[in-house]
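Heads up, protein_23.txt below (compact mmCIF, C-alpha atoms and all ligand atoms):
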# COMPACT_ATOMS: atom_id res chain seq x y z
CA MET A 30 46.06 193.44 142.68
CA LYS A 31 44.20 193.02 145.96
CA LYS A 32 40.89 191.14 145.63
CA SER A 33 38.44 192.02 148.39
CA ILE A 34 34.82 191.46 149.44
CA LYS A 35 32.58 192.74 152.19
CA ILE A 36 30.18 190.19 153.64
CA PHE A 37 27.35 189.86 156.15
CA ALA A 38 28.11 186.99 158.56
CA PRO A 39 24.80 186.02 160.17
CA ALA A 40 23.94 185.19 163.75
CA THR A 41 22.40 181.76 164.30
CA VAL A 42 20.25 180.03 166.89
CA ALA A 43 21.48 176.53 167.70
CA ASN A 44 19.82 173.56 169.41
CA LEU A 45 16.24 174.84 168.96
CA CYS A 46 15.16 173.08 172.18
CA CYS A 47 15.25 169.39 171.24
CA GLY A 48 18.25 169.37 168.85
CA PHE A 49 21.29 169.78 171.12
CA ASP A 50 24.39 169.99 168.87
CA VAL A 51 22.39 168.98 165.76
CA LEU A 52 19.79 171.64 164.89
CA GLY A 53 20.25 175.31 164.09
CA CYS A 54 18.81 178.15 162.06
CA CYS A 55 20.08 181.32 160.45
CA LEU A 56 18.95 184.88 161.29
CA ASP A 57 18.42 187.53 158.68
CA ASN A 58 19.05 190.92 160.24
CA VAL A 59 21.50 190.15 163.06
CA GLY A 60 25.12 189.51 162.22
CA ASP A 61 28.69 190.78 161.81
CA GLU A 62 30.32 192.43 158.84
CA MET A 63 33.68 191.32 157.53
CA ILE A 64 36.05 192.46 154.79
CA ILE A 65 38.19 189.66 153.43
CA SER A 66 41.04 190.20 150.97
CA LEU A 67 43.45 188.02 149.05
CA THR A 68 46.96 189.47 149.08
CA SER A 69 50.25 188.61 147.41
CA GLU A 70 52.05 187.91 150.70
CA PRO A 71 51.26 184.30 151.85
CA GLY A 72 49.76 183.75 155.31
CA VAL A 73 46.55 184.62 157.16
CA LYS A 74 46.39 187.93 159.04
CA ILE A 75 43.66 189.49 161.19
CA THR A 76 44.21 193.16 160.35
CA LYS A 77 41.28 194.78 162.17
CA ILE A 78 38.69 193.95 164.83
CA ASP A 79 36.09 196.60 165.50
CA GLY A 80 33.38 196.39 168.17
CA ALA A 81 34.89 193.70 170.40
CA ASN A 82 38.00 192.85 172.32
CA LEU A 83 39.06 189.62 170.59
CA PRO A 84 42.47 188.12 169.82
CA MET A 85 44.28 189.51 166.75
CA GLU A 86 46.64 186.50 166.59
CA THR A 87 45.59 184.24 163.72
CA HIS A 88 45.83 181.02 165.74
CA LYS A 89 43.71 182.46 168.58
CA ASN A 90 40.96 183.92 166.41
CA VAL A 91 38.30 181.56 165.09
CA ALA A 92 38.29 183.28 161.69
CA GLY A 93 42.05 182.79 161.32
CA VAL A 94 41.97 179.15 162.37
CA SER A 95 39.08 178.31 160.03
CA VAL A 96 40.75 179.96 157.03
CA GLU A 97 44.01 178.15 157.79
CA ALA A 98 42.10 174.83 157.76
CA LEU A 99 40.66 175.73 154.34
CA LEU A 100 44.03 176.75 152.90
CA LYS A 101 45.68 173.56 154.19
CA LYS A 102 43.21 171.52 152.15
CA TYR A 103 43.46 173.91 149.17
CA GLY A 104 47.18 173.25 149.13
CA LYS A 105 48.45 176.51 147.59
CA GLU A 106 50.30 179.40 149.24
CA ILE A 107 47.72 182.17 149.57
CA GLY A 108 47.71 185.49 151.44
CA VAL A 109 44.52 186.46 153.31
CA GLU A 110 43.67 189.57 155.32
CA ILE A 111 40.60 189.60 157.57
CA GLU A 112 38.77 192.62 159.01
CA ILE A 113 36.00 191.84 161.51
CA TYR A 114 33.28 194.33 162.40
CA LYS A 115 31.61 192.67 165.39
CA LYS A 116 27.95 193.31 166.05
CA ILE A 117 27.28 189.99 167.81
CA LYS A 118 28.86 189.88 171.24
CA ALA A 119 31.10 186.91 172.07
CA GLY A 120 29.43 184.52 174.48
CA SER A 121 25.94 185.73 173.55
CA GLY A 122 24.69 182.30 172.49
CA ILE A 123 23.70 183.46 169.02
CA GLY A 124 26.78 182.18 167.26
CA SER A 125 29.30 184.99 167.57
CA SER A 126 32.27 182.72 166.96
CA ALA A 127 30.39 180.80 164.24
CA ALA A 128 29.66 184.02 162.32
CA SER A 129 33.38 184.81 162.15
CA SER A 130 34.39 181.26 161.20
CA ALA A 131 31.65 180.77 158.62
CA GLY A 132 31.98 184.27 157.18
CA ALA A 133 35.75 184.00 156.76
CA VAL A 134 35.78 180.61 155.01
CA TRP A 135 32.80 181.53 152.81
CA ALA A 136 34.52 184.74 151.66
CA VAL A 137 37.92 183.13 151.00
CA ASN A 138 36.22 180.32 149.05
CA TYR A 139 34.35 182.93 147.00
CA LEU A 140 37.54 184.89 146.27
CA LEU A 141 39.26 181.65 145.19
CA GLU A 142 36.31 181.03 142.81
CA ASN A 143 34.57 178.36 144.90
CA PRO A 144 36.91 175.34 145.00
CA PHE A 145 34.76 173.96 147.87
CA THR A 146 31.01 173.42 148.23
CA ALA A 147 29.12 175.12 151.07
CA HIS A 148 28.80 171.70 152.74
CA GLU A 149 32.60 171.26 152.59
CA LEU A 150 33.10 174.68 154.18
CA VAL A 151 31.24 173.51 157.29
CA ALA A 152 34.15 171.25 158.27
CA PHE A 153 36.67 174.14 158.03
CA ALA A 154 34.46 176.48 160.07
CA MET A 155 34.08 173.78 162.72
CA GLU A 156 37.81 174.21 163.47
CA GLY A 157 36.95 177.72 164.68
CA GLU A 158 34.21 176.33 166.94
CA LYS A 159 36.72 173.88 168.35
CA LEU A 160 38.96 176.80 169.29
CA ALA A 161 36.08 178.79 170.84
CA SER A 162 34.52 176.05 172.92
CA GLY A 163 36.81 173.03 172.86
CA ASN A 164 34.24 171.14 170.80
CA ALA A 165 33.97 171.13 167.00
CA HIS A 166 30.19 171.47 166.83
CA ALA A 167 28.42 172.40 163.58
CA ASP A 168 24.99 173.54 164.75
CA ASN A 169 25.86 177.24 164.32
CA VAL A 170 28.32 177.17 161.41
CA ALA A 171 26.10 174.92 159.26
CA PRO A 172 23.07 177.26 159.23
CA ALA A 173 25.39 180.29 158.87
CA LEU A 174 26.86 178.72 155.70
CA LEU A 175 23.81 176.97 154.22
CA GLY A 176 21.01 179.25 155.44
CA SER A 177 17.54 178.27 156.69
CA PHE A 178 17.46 175.41 159.23
CA THR A 179 20.09 172.67 159.28
CA LEU A 180 20.33 169.23 160.83
CA VAL A 181 23.65 167.58 161.59
CA ARG A 182 22.56 164.00 160.86
CA SER A 183 26.00 162.70 161.82
CA TYR A 184 29.33 164.13 163.01
CA ASN A 185 31.42 161.13 162.02
CA PRO A 186 31.26 161.09 159.07
CA LEU A 187 30.00 164.68 158.83
CA ASP A 188 26.55 164.69 157.23
CA VAL A 189 24.69 168.00 157.26
CA VAL A 190 21.19 168.38 155.84
CA ARG A 191 19.67 171.75 154.92
CA LEU A 192 15.94 171.94 155.67
CA ASN A 193 13.52 174.23 153.91
CA ALA A 194 11.37 176.16 156.35
CA PRO A 195 7.93 177.75 156.26
CA SER A 196 8.25 181.39 155.23
CA ASP A 197 6.11 182.78 158.07
CA LEU A 198 8.44 181.71 160.87
CA VAL A 199 9.88 184.67 162.77
CA MET A 200 12.46 184.52 165.55
CA THR A 201 12.50 186.71 168.66
CA VAL A 202 15.75 186.63 170.65
CA ILE A 203 16.56 188.34 173.92
CA HIS A 204 20.22 188.61 174.82
CA PRO A 205 20.85 189.44 178.48
CA GLN A 206 24.23 191.18 178.73
CA ILE A 207 25.83 188.60 180.95
CA GLU A 208 28.51 186.33 179.55
CA VAL A 209 27.92 182.59 179.68
CA LYS A 210 30.90 180.87 178.04
CA THR A 211 29.99 177.86 175.89
CA SER A 212 32.62 175.88 177.77
CA ASP A 213 30.98 176.76 181.14
CA SER A 214 27.47 175.93 180.04
CA ARG A 215 28.65 172.63 178.59
CA SER A 216 30.07 171.67 181.99
CA VAL A 217 26.62 171.69 183.68
CA ILE A 218 25.33 169.04 181.27
CA LYS A 219 25.24 165.41 182.40
CA GLN A 220 27.03 162.84 180.23
CA ASN A 221 24.28 160.22 180.62
CA VAL A 222 20.60 160.55 179.77
CA LYS A 223 17.66 158.41 180.81
CA LEU A 224 16.20 156.28 178.03
CA LYS A 225 12.74 157.73 178.70
CA ASP A 226 14.09 161.27 178.15
CA ALA A 227 16.04 160.21 175.05
CA VAL A 228 12.89 158.72 173.51
CA GLN A 229 10.99 161.96 174.07
CA GLN A 230 13.86 164.05 172.74
CA TRP A 231 14.36 162.15 169.47
CA GLY A 232 10.60 162.08 168.98
CA ASN A 233 10.69 165.86 169.19
CA VAL A 234 13.66 166.16 166.78
CA GLY A 235 11.77 164.08 164.22
CA GLY A 236 8.61 166.10 164.88
CA LEU A 237 10.39 169.42 164.43
CA VAL A 238 12.03 168.34 161.16
CA ALA A 239 8.70 166.99 159.86
CA GLY A 240 6.92 170.16 160.98
CA LEU A 241 9.42 172.39 159.15
CA LEU A 242 9.23 170.37 155.94
CA THR A 243 5.43 170.07 155.89
CA GLU A 244 4.88 173.66 157.11
CA ASP A 245 2.88 172.35 160.05
CA TYR A 246 3.20 175.18 162.58
CA GLU A 247 1.38 173.32 165.34
CA LEU A 248 3.68 170.33 165.02
CA ILE A 249 6.67 172.71 165.13
CA GLY A 250 5.25 174.19 168.34
CA ARG A 251 4.64 170.80 169.98
CA SER A 252 8.16 169.68 169.09
CA LEU A 253 9.97 172.72 170.53
CA GLU A 254 10.56 170.94 173.83
CA ASP A 255 13.81 170.03 175.58
CA VAL A 256 13.66 167.51 178.42
CA ILE A 257 17.43 166.94 178.64
CA ILE A 258 19.48 170.16 178.50
CA GLU A 259 17.08 172.99 179.37
CA PRO A 260 16.30 171.85 182.93
CA LEU A 261 20.05 172.05 183.74
CA ARG A 262 21.15 175.06 181.72
CA SER A 263 18.18 177.35 182.32
CA ILE A 264 19.34 177.85 185.91
CA LEU A 265 22.21 179.99 184.51
CA ILE A 266 19.74 182.38 182.81
CA PRO A 267 17.91 185.06 184.83
CA GLU A 268 14.09 185.02 184.43
CA PHE A 269 14.18 182.12 181.97
CA LYS A 270 10.93 180.58 183.21
CA ALA A 271 9.05 183.89 183.25
CA VAL A 272 10.23 184.76 179.73
CA LYS A 273 9.23 181.35 178.40
CA GLU A 274 5.77 181.50 179.98
CA ALA A 275 5.18 185.03 178.69
CA ALA A 276 6.32 184.11 175.15
CA ILE A 277 3.91 181.16 174.98
CA LEU A 278 1.10 183.28 176.45
CA LYS A 279 1.63 185.84 173.66
CA GLY A 280 1.27 183.12 171.04
CA ALA A 281 4.84 181.91 170.35
CA LEU A 282 5.04 178.38 168.95
CA GLY A 283 7.85 177.58 171.34
CA CYS A 284 10.65 179.11 173.42
CA GLY A 285 13.99 177.88 174.70
CA ILE A 286 17.67 178.60 175.26
CA SER A 287 19.56 179.84 172.20
CA GLY A 288 22.69 177.72 171.85
CA SER A 289 24.46 177.60 175.18
CA GLY A 290 22.73 180.78 176.39
CA PRO A 291 22.28 183.27 177.92
CA SER A 292 20.13 184.33 174.94
CA ILE A 293 16.56 183.03 174.90
CA PHE A 294 14.74 182.49 171.60
CA ALA A 295 11.08 182.16 170.67
CA LEU A 296 9.72 181.08 167.30
CA SER A 297 6.40 182.52 166.17
CA LYS A 298 4.17 182.40 163.15
CA GLY A 299 4.25 185.90 161.69
CA GLU A 300 5.83 189.19 162.67
CA VAL A 301 2.89 190.49 164.67
CA THR A 302 3.19 187.67 167.21
CA ALA A 303 7.01 187.84 167.20
CA ASN A 304 6.81 191.55 168.10
CA LEU A 305 4.30 190.89 170.89
CA VAL A 306 6.69 188.27 172.25
CA ALA A 307 9.52 190.83 172.08
CA GLU A 308 7.44 193.33 174.09
CA ALA A 309 6.67 190.71 176.74
CA MET A 310 10.34 189.75 177.03
CA GLN A 311 11.29 193.40 177.31
CA GLU A 312 8.77 194.01 180.09
CA ILE A 313 10.17 191.15 182.17
CA TYR A 314 13.81 192.08 181.66
CA SER A 315 13.25 195.82 182.28
CA LYS A 316 12.54 194.91 185.90
CA THR A 317 15.80 192.99 186.39
CA GLY A 318 18.17 195.94 186.08
CA LEU A 319 20.23 193.93 183.58
CA ASP A 320 21.14 195.33 180.18
CA PHE A 321 19.73 193.36 177.26
CA ASP A 322 19.20 193.42 173.48
CA ILE A 323 16.15 192.12 171.67
CA HIS A 324 16.11 191.05 168.03
CA VAL A 325 13.16 190.12 165.84
CA SER A 326 14.28 188.43 162.64
CA LYS A 327 12.95 186.42 159.73
CA ILE A 328 14.78 183.22 158.88
CA ASN A 329 17.65 183.81 156.44
CA SER A 330 17.44 181.22 153.68
CA GLN A 331 20.78 182.18 152.10
CA GLY A 332 23.34 182.27 154.94
CA VAL A 333 26.48 184.41 154.52
CA ARG A 334 26.00 187.03 151.80
CA ILE A 335 27.91 189.74 149.97
CA MET A 336 27.26 193.33 151.04
CA LYS A 337 27.38 196.20 148.61
P1 LIG B 1 29.10 182.31 170.98
O1 LIG B 1 28.19 181.13 171.25
O2 LIG B 1 28.37 183.61 171.16
O3 LIG B 1 29.80 182.22 169.69
P2 LIG B 1 31.33 181.25 172.35
O4 LIG B 1 31.52 181.28 173.82
O5 LIG B 1 31.08 179.98 171.65
O6 LIG B 1 30.19 182.32 172.07
O7 LIG B 1 32.61 181.85 171.61
C1 LIG B 1 33.22 182.95 172.06
C2 LIG B 1 34.70 182.63 172.37
O8 LIG B 1 35.44 182.54 171.15
C3 LIG B 1 35.31 183.74 173.19
O9 LIG B 1 36.15 183.15 174.16
C4 LIG B 1 36.12 184.52 172.19
O10 LIG B 1 37.25 185.15 172.77
C5 LIG B 1 36.55 183.45 171.18
N1 LIG B 1 36.79 184.00 169.84
C6 LIG B 1 37.93 183.94 169.13
N2 LIG B 1 37.80 184.56 167.94
C7 LIG B 1 36.55 185.03 167.87
C8 LIG B 1 35.82 185.76 166.89
N3 LIG B 1 36.37 186.14 165.74
N4 LIG B 1 34.53 186.04 167.15
C9 LIG B 1 33.96 185.67 168.32
N5 LIG B 1 34.59 184.99 169.30
C10 LIG B 1 35.90 184.67 169.08

Written as structure tokens, that's how I'd like the structure from this file.
Amino acid sequence: MKKSIKIFAPATVANLCCGFDVLGCCLDNVGDEMIISLTSEPGVKITKIDGANLPMETHKNVAGVSVEALLKKYGKEIGVEIEIYKKIKAGSGIGSSAASSAGAVWAVNYLLENPFTAHELVAFAMEGEKLASGNAHADNVAPALLGSFTLVRSYNPLDVVRLNAPSDLVMTVIHPQIEVKTSDSRSVIKQNVKLKDAVQQWGNVGGLVAGLLTEDYELIGRSLEDVIIEPLRSILIPEFKAVKEAAILKGALGCGISGSGPSIFALSKGEVTANLVAEAMQEIYSKTGLDFDIHVSKINSQGVRIMK
């Protein structure tokens, strides 16, 4: 008999200013839906993609590649069918590819009665990220799988830490409808950093982690600063500076590029401020003539979840 589940595969905001490739957090009301089934015929098949024009071939779709990595380790011949209902646009910078990779491996693991821990699933989902961007980064798939905020303490060996977060944090994200490929926005980054900048950046990473764990909103705000990547990448994002200034003026704790962009995120204390920030972002972008989406979301402490 066919075993099937429907899941919510959440969007995520990676980097969070200072934590390039190491920090990320999980959104609660923005994400894809997926239906994953175990079947009697071995092999992984993408049977439906709704809402986006993405490859149906297993080896070209991040969900297919991630599940194949899981099954290789599992070591038994299993049949899997994947339906993807895309709500997060590819190239949005809020973890479109990560949602598919994380969602697919989480669901298959669940249907197989959890042979792997959520931490172990991160490594399989990273194979999907490698396909999407040429780089097996974990800063989107880790928060999608573990929920809340995550820190990749080390890539080799992989060491991912889940961080509890203050419950009043609310994310505002604006997604301008222009595509910035992760691979393109990685190419504008310099391979060397000045020691002075590195010192400031790792001070901020420590400050942000400490601020999250001690629920110190002001420390979180002071630490949401990026002196290395943002000056280079923000050039690719229309009205970045104006949006950031407006968000801070409305009371956001901090504002920066979401993942590799073009989405811009702001973190606020409480929904009232987060909505004011959303209005300010909307006002600026309405004048550009560009299409955009705005999301206001609490932090999702659970990650991928089953839908009824
Ligand atoms: P994002 O940061 O929004 O995830 P990326 O640029 O990292 O965007 O990833 C999108 C790339 O991954 C696109 O080239 C897309 O064609 C490819 N891709 C393959 N499978 C999927 C999938 N299931 N969901 C999203 N993107 C996918």

Any idea what the distance is between atom CA of A:Ala136 and atom CA of A:Ser95? 11.5 Å

Throw together the list of residues within 9 Å of ligand LIG 1 (chain B), counting all atoms listed in the file, and drop it here as a PyMOL selection string. chain A and resi 40+43+78+81-85+87+89-94+113+115+117-130+157-162+169+208-213+287-290

Can you pull out every residue within 10 Å of stretch 238-241 of chain A, counting all atoms listed in the file, but drop anything in the same chain fewer than 3 positions away, and send it as number ranges by chain? A: 48, 52, 178-180, 192-196, 198, 233-235, 244-252

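Restricting the calculation to all atoms listed in the file, the smallest distance between A:Leu150 and any of A:Val189, A:Lys116, A:Asp79, A:Lys298 is found for A:Val189.
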
Go through A:Tyr103, A:Phe321, A:Trp135, A:Phe294 and flag the residue nearest A:Cys54, using all atoms listed in the file for the distances.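 Closest residue, counting all atoms listed in the file: A:Phe294.
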
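Between atom CA of A:Leu261 and atom CA of A:Pro291 the interatomic distance comes to 12.8 Å.
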
So how many Å separate atom CA of A:Ile335 and atom CA of A:Ile36, to one decimal?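 Interatomic distance here is 4.3 Å.
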
For A:Lys327, which of A:Thr302, A:Ser66, A:Thr201, A:Gln230 is the closest residue, counting only C-alpha atoms? A:Thr201
